[in-house]
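Trainee: One structure is given below, represented as C-alpha cells, and several questions about it will come after.
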Amino acid sequence: MRTPIVTEEEVVVFFKKHRVVTWEQLTSHFGITRQALQRKIKKHSHLTSLNHNHRYLALKQFIGNTNRYGFWSYKGIIFSIHGNTAKTIPHLINTSDRGLSTKQLEQITSVMCRGILLKLLKQGEITRIREGFDYIYLSSKSEIRCAQLENRGLASQEHSVEVQIPQTSEEPEKIHSFFELGEGDYLLWRLEIVRRVKSGKSQAQVARELGCSPDTVRNTCKTFEKNGAKGLVITRKKRPYKMTENMEKKILIMKAKHPNWSPEKIGKSFREGGLDISDRPIRTFFEENDLVDQKKTSSRS
C-alpha cells in the first residue's frame with residue numbers, strides 16, 4: 001500500500017478547521033506517521049495542552065485571545081504561549097510580585113504541579129521558602145527573588161530560601177541526598193526505596209518522595225522480599241531498543257485509553273500481550289513527549 005501524499009498546506013488547513021487536535025486524529029486522517037506530520041508543521045509553532053495529559057495540539061497562529069497569564073482555553077483544554085508546563089511555571093513565578101504557592105500555581109494552570117515543581121527546584125530553575133505550612137516558590141534570579149521576599153515581608157529571611165545549584169561536569173561530583181543520585185547509582189536508589197518502606201512509610205509516599213511511580217516501588221520491594229539485596233544487584237545484558245513508529249502509535253493509543261496508567265503499567269500490559277519491550281524506553285518516550293502525569297496528592301510540596 002502506497003503512502004498517501006500529504007502537503008504542508010493540507011495539515012495546516014486541518015489545524016485551522018479543528019483548532020485543537022490530537023496526534024491520533026492527525027495520523028488517522030492523513031494516513032502518515034507522526035514523524036512525517038511533525039516535519040509538515042516544523043515551520044509552524046505548535047503548542048501542547050497543559051492539561052488532559054498534554055495530548056492536545058494547536059498551531060499558535062490559530063489560537064484565540066489569551067488571558068493575562070498567556071493562556072488560551074478551548075472547550076476546557078488549556079494552552080500556554082510560553083510552552084509546556086516545565087517552561088510555563090518558571091515564567092509564572094518569575095513574573096509574579098510575591099512568588100506563588102503550589103495551590104496558586106495549580107489554580108492558574110489547572111494541572112497538578114507538585115512533581116514538576118520539585119524537578120524544577122532540583123534543576124535550579126526556581127527556589128522556594130517555607131511560609132507557615134506551605135512553600136512559596138520564588139524566582140531563581142536574585143534581584144527578582146529579593147523583590148518578591150520584600151513584597152511578602154520576608155526580606156530578612158533571605159538565608160532561609162532553598163536554593164539548589166545544578167552540578168557541572170567541571171566540579172567534583174558530590175552526592176548529598178538520594179534525590180541527587182545519577183543513573184549509574186540505581187542500586188543505592190533501590191536500596192533507599194526498600195529502606196523507606198521498611199521504616200513504615202507507605203509505598204505511595206515513598207514514590208512521591210523519590211519521584212518515581214508506585215509500580216517501581218512495589219516491584220523493587222517484591223524483588224527484595226524474594227531475593228534479598230542480591231536481587232537488586234542482578235545485572236541484565238542491556239539491549240539497545242529502537243522505538244519504532246508502530247510502537248509509538250501503540251503507546252499513544254494505550255495512553256489515550258488509560259490516561260492514568262504509568263509507563264511501567266503500560267509496559268506490563270504490552271508484555272502480557274506478547275510484546276517484547278521494557279519499561280525504560282516507554283518512560284523515555286513519555287518524558288520526551290511530556291506525557292508524564294502530574295498526579296494530585298494530599299502531601300504538601
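Note on naming: chains are A, B, ... as they come in the C-alpha cells, residues start from 1 per chain, ligands start from 1 in the order shown.
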Can you tell me which residues surround Ala256 of chain A at a distance of at most 10 Å, considering only C-alpha atoms, apart from same-chain residues fewer than 3 positions away, and format the answer as a compact mmCIF listing (two decimals) with all heavy atoms, in the first residue's frame?

Mentor:
```
# COMPACT_ATOMS: atom_id res chain seq x y z
N GLU A 24 -3.31 11.31 17.31
CA GLU A 24 -4.11 10.18 16.82
C GLU A 24 -5.05 10.61 15.71
O GLU A 24 -5.20 9.92 14.69
CB GLU A 24 -4.91 9.55 17.97
CG GLU A 24 -4.06 8.86 19.04
CD GLU A 24 -3.65 9.81 20.15
OE1 GLU A 24 -3.66 11.05 19.93
OE2 GLU A 24 -3.32 9.32 21.25
N HIS A 52 -5.18 17.55 30.41
CA HIS A 52 -5.56 16.39 29.60
C HIS A 52 -4.34 15.58 29.16
O HIS A 52 -4.24 15.13 28.01
CB HIS A 52 -6.37 16.81 28.37
CG HIS A 52 -7.72 17.40 28.70
ND1 HIS A 52 -8.81 16.62 29.04
CD2 HIS A 52 -8.14 18.69 28.77
CE1 HIS A 52 -9.84 17.41 29.28
NE2 HIS A 52 -9.47 18.67 29.15
N ASN A 53 -3.37 15.43 30.08
CA ASN A 53 -2.18 14.62 29.81
C ASN A 53 -1.39 15.09 28.59
O ASN A 53 -0.73 14.30 27.92
CB ASN A 53 -2.56 13.14 29.64
CG ASN A 53 -3.06 12.52 30.93
OD1 ASN A 53 -2.53 12.77 31.99
ND2 ASN A 53 -4.12 11.74 30.84
N ARG A 55 -2.17 15.82 25.64
CA ARG A 55 -2.42 15.08 24.39
C ARG A 55 -2.97 15.94 23.26
O ARG A 55 -3.03 15.49 22.11
CB ARG A 55 -3.36 13.89 24.65
CG ARG A 55 -4.77 14.24 25.06
CD ARG A 55 -5.55 12.98 25.44
NE ARG A 55 -5.66 12.08 24.32
CZ ARG A 55 -6.77 11.96 23.57
NH1 ARG A 55 -7.82 12.70 23.84
NH2 ARG A 55 -6.81 11.12 22.57
N LYS A 250 1.23 2.50 19.28
CA LYS A 250 0.60 1.62 20.28
C LYS A 250 0.61 2.26 21.66
O LYS A 250 -0.37 2.17 22.42
CB LYS A 250 1.33 0.26 20.32
CG LYS A 250 1.09 -0.63 19.12
CD LYS A 250 1.86 -1.94 19.27
CE LYS A 250 1.70 -2.84 18.04
NZ LYS A 250 0.32 -3.33 17.90
N ILE A 251 1.73 2.91 22.00
CA ILE A 251 1.83 3.56 23.31
C ILE A 251 0.83 4.70 23.42
O ILE A 251 0.14 4.85 24.43
CB ILE A 251 3.26 4.09 23.54
CG1 ILE A 251 4.24 2.92 23.66
CG2 ILE A 251 3.33 4.96 24.80
CD1 ILE A 251 5.70 3.34 23.70
N LEU A 252 0.72 5.51 22.37
CA LEU A 252 -0.21 6.64 22.39
C LEU A 252 -1.65 6.17 22.48
O LEU A 252 -2.48 6.77 23.18
CB LEU A 252 -0.01 7.50 21.14
CG LEU A 252 1.31 8.28 21.08
CD1 LEU A 252 1.50 8.90 19.71
CD2 LEU A 252 1.34 9.36 22.16
N ILE A 253 -1.97 5.09 21.78
CA ILE A 253 -3.33 4.54 21.83
C ILE A 253 -3.63 4.02 23.23
O ILE A 253 -4.71 4.26 23.79
CB ILE A 253 -3.50 3.42 20.78
CG1 ILE A 253 -3.45 4.01 19.37
CG2 ILE A 253 -4.82 2.67 21.01
CD1 ILE A 253 -3.46 2.97 18.26
N PRO A 259 -5.62 7.00 30.54
CA PRO A 259 -4.84 8.22 30.81
C PRO A 259 -4.04 8.16 32.10
O PRO A 259 -2.99 8.81 32.21
CB PRO A 259 -5.91 9.32 30.88
CG PRO A 259 -7.08 8.75 30.13
CD PRO A 259 -7.05 7.28 30.37
N ASN A 260 -4.49 7.40 33.09
CA ASN A 260 -3.82 7.38 34.38
C ASN A 260 -2.75 6.30 34.50
O ASN A 260 -2.10 6.18 35.54
CB ASN A 260 -4.85 7.19 35.51
CG ASN A 260 -5.81 8.36 35.60
OD1 ASN A 260 -5.42 9.50 35.37
ND2 ASN A 260 -7.07 8.09 35.90
N TRP A 261 -2.56 5.49 33.47
CA TRP A 261 -1.57 4.41 33.53
C TRP A 261 -0.15 4.97 33.46
O TRP A 261 0.14 5.87 32.66
CB TRP A 261 -1.79 3.42 32.41
CG TRP A 261 -2.89 2.42 32.70
CD1 TRP A 261 -3.88 2.56 33.62
CD2 TRP A 261 -3.09 1.16 32.06
NE1 TRP A 261 -4.70 1.46 33.60
CE2 TRP A 261 -4.24 0.58 32.65
CE3 TRP A 261 -2.44 0.47 31.06
CZ2 TRP A 261 -4.74 -0.66 32.27
CZ3 TRP A 261 -2.92 -0.77 30.66
CH2 TRP A 261 -4.06 -1.33 31.27
```

Trainee: Near Ile282 of chain A, within 12 Å and counting only C-alpha atoms, which residues show up once chain neighbours fewer than 3 positions away are dropped, as an MDAnalysis selection string?

Mentor: chainID A and resid 241:244 247:252 254:255 261:270 276:279 285:289 291:292

Trainee: Please report, as a PyMOL selection string, each residue of segment 61-236 of chain A to which DSSP assigns helix (DSSP H, G or I) when run on this structure's backbone.

Mentor: chain A and resi 61-62+85-94+102-109+114-122+142-151+155-160+178-180+183-198+203-210+214-227+229-232

Trainee: Please return, as a list in words, all residues of segment 83-230 of chain A that DSSP assigns to strand (DSSP E or B) on the basis of the backbone.

Mentor: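 Answer for segment 83-230 of chain A restricted to strand (DSSP E or B) is Leu100, Ser101, Ile126, Thr127, Arg128, Ile129, Arg130, Glu131, Asp134, Tyr135, Ile136, Tyr137, Leu138, Ser139 and Glu162 of chain A.
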
Trainee: For the atom pair atom CA of Gln35 of chain A and atom CA of Asn246 of chain A, what is the interatomic distance in Å to one decimal place?

Mentor: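 Between these atoms lies a distance of 11.2 Å.
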
Trainee: Restricting the calculation to only C-alpha atoms: of A:Gly99, A:Ile81, A:Pro90, A:Phe62, which residue gets closest to Val20 of chain A?

Mentor: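 Closest candidate: A:Phe62.
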
Trainee: Can you tell me, as a list of chain:residue names, what residues are no more than 10 Å from Thr88 of chain A when counting only C-alpha atoms, ignoring any on the same chain fewer than 4 positions away?

Mentor: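 Within the cut-off, the hits are A:Leu50, A:Tyr69, A:Gly70, A:Phe71, A:Phe79, A:Ser80, A:Ile81, A:His82, A:Gly83, A:Asn84, A:Leu92, A:Ile93, A:Thr109.
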
Trainee: Need the shell around Gln148 of chain A: protein/DNA/RNA residues with any atom at most 7 Å away, counting only C-alpha atoms. Skip same-chain ones fewer than 2 positions apart. Format as a list in words?

Mentor: Asp97, Arg98, Gly99, Ile144, Arg145, Cys146, Glu150, Asn151 and Arg152 of chain A

Trainee: How many Å separate atom CA of Ser202 of chain A from atom CA of Cys221 of chain A?

Mentor: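 One can read the atom CA of Ser202 of chain A to atom CA of Cys221 of chain A distance as 11.6 Å.
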
Trainee: With a distance cut-off of 12 Å and only C-alpha atoms, select the neighbouring residues of Gln104 of chain A, excluding the residue or stretch itself and same-chain residues fewer than 4 positions from it, and output the selection as a PyMOL selection string.

Mentor: chain A and resi 89+92-93+96+98-100+108-114+134-137
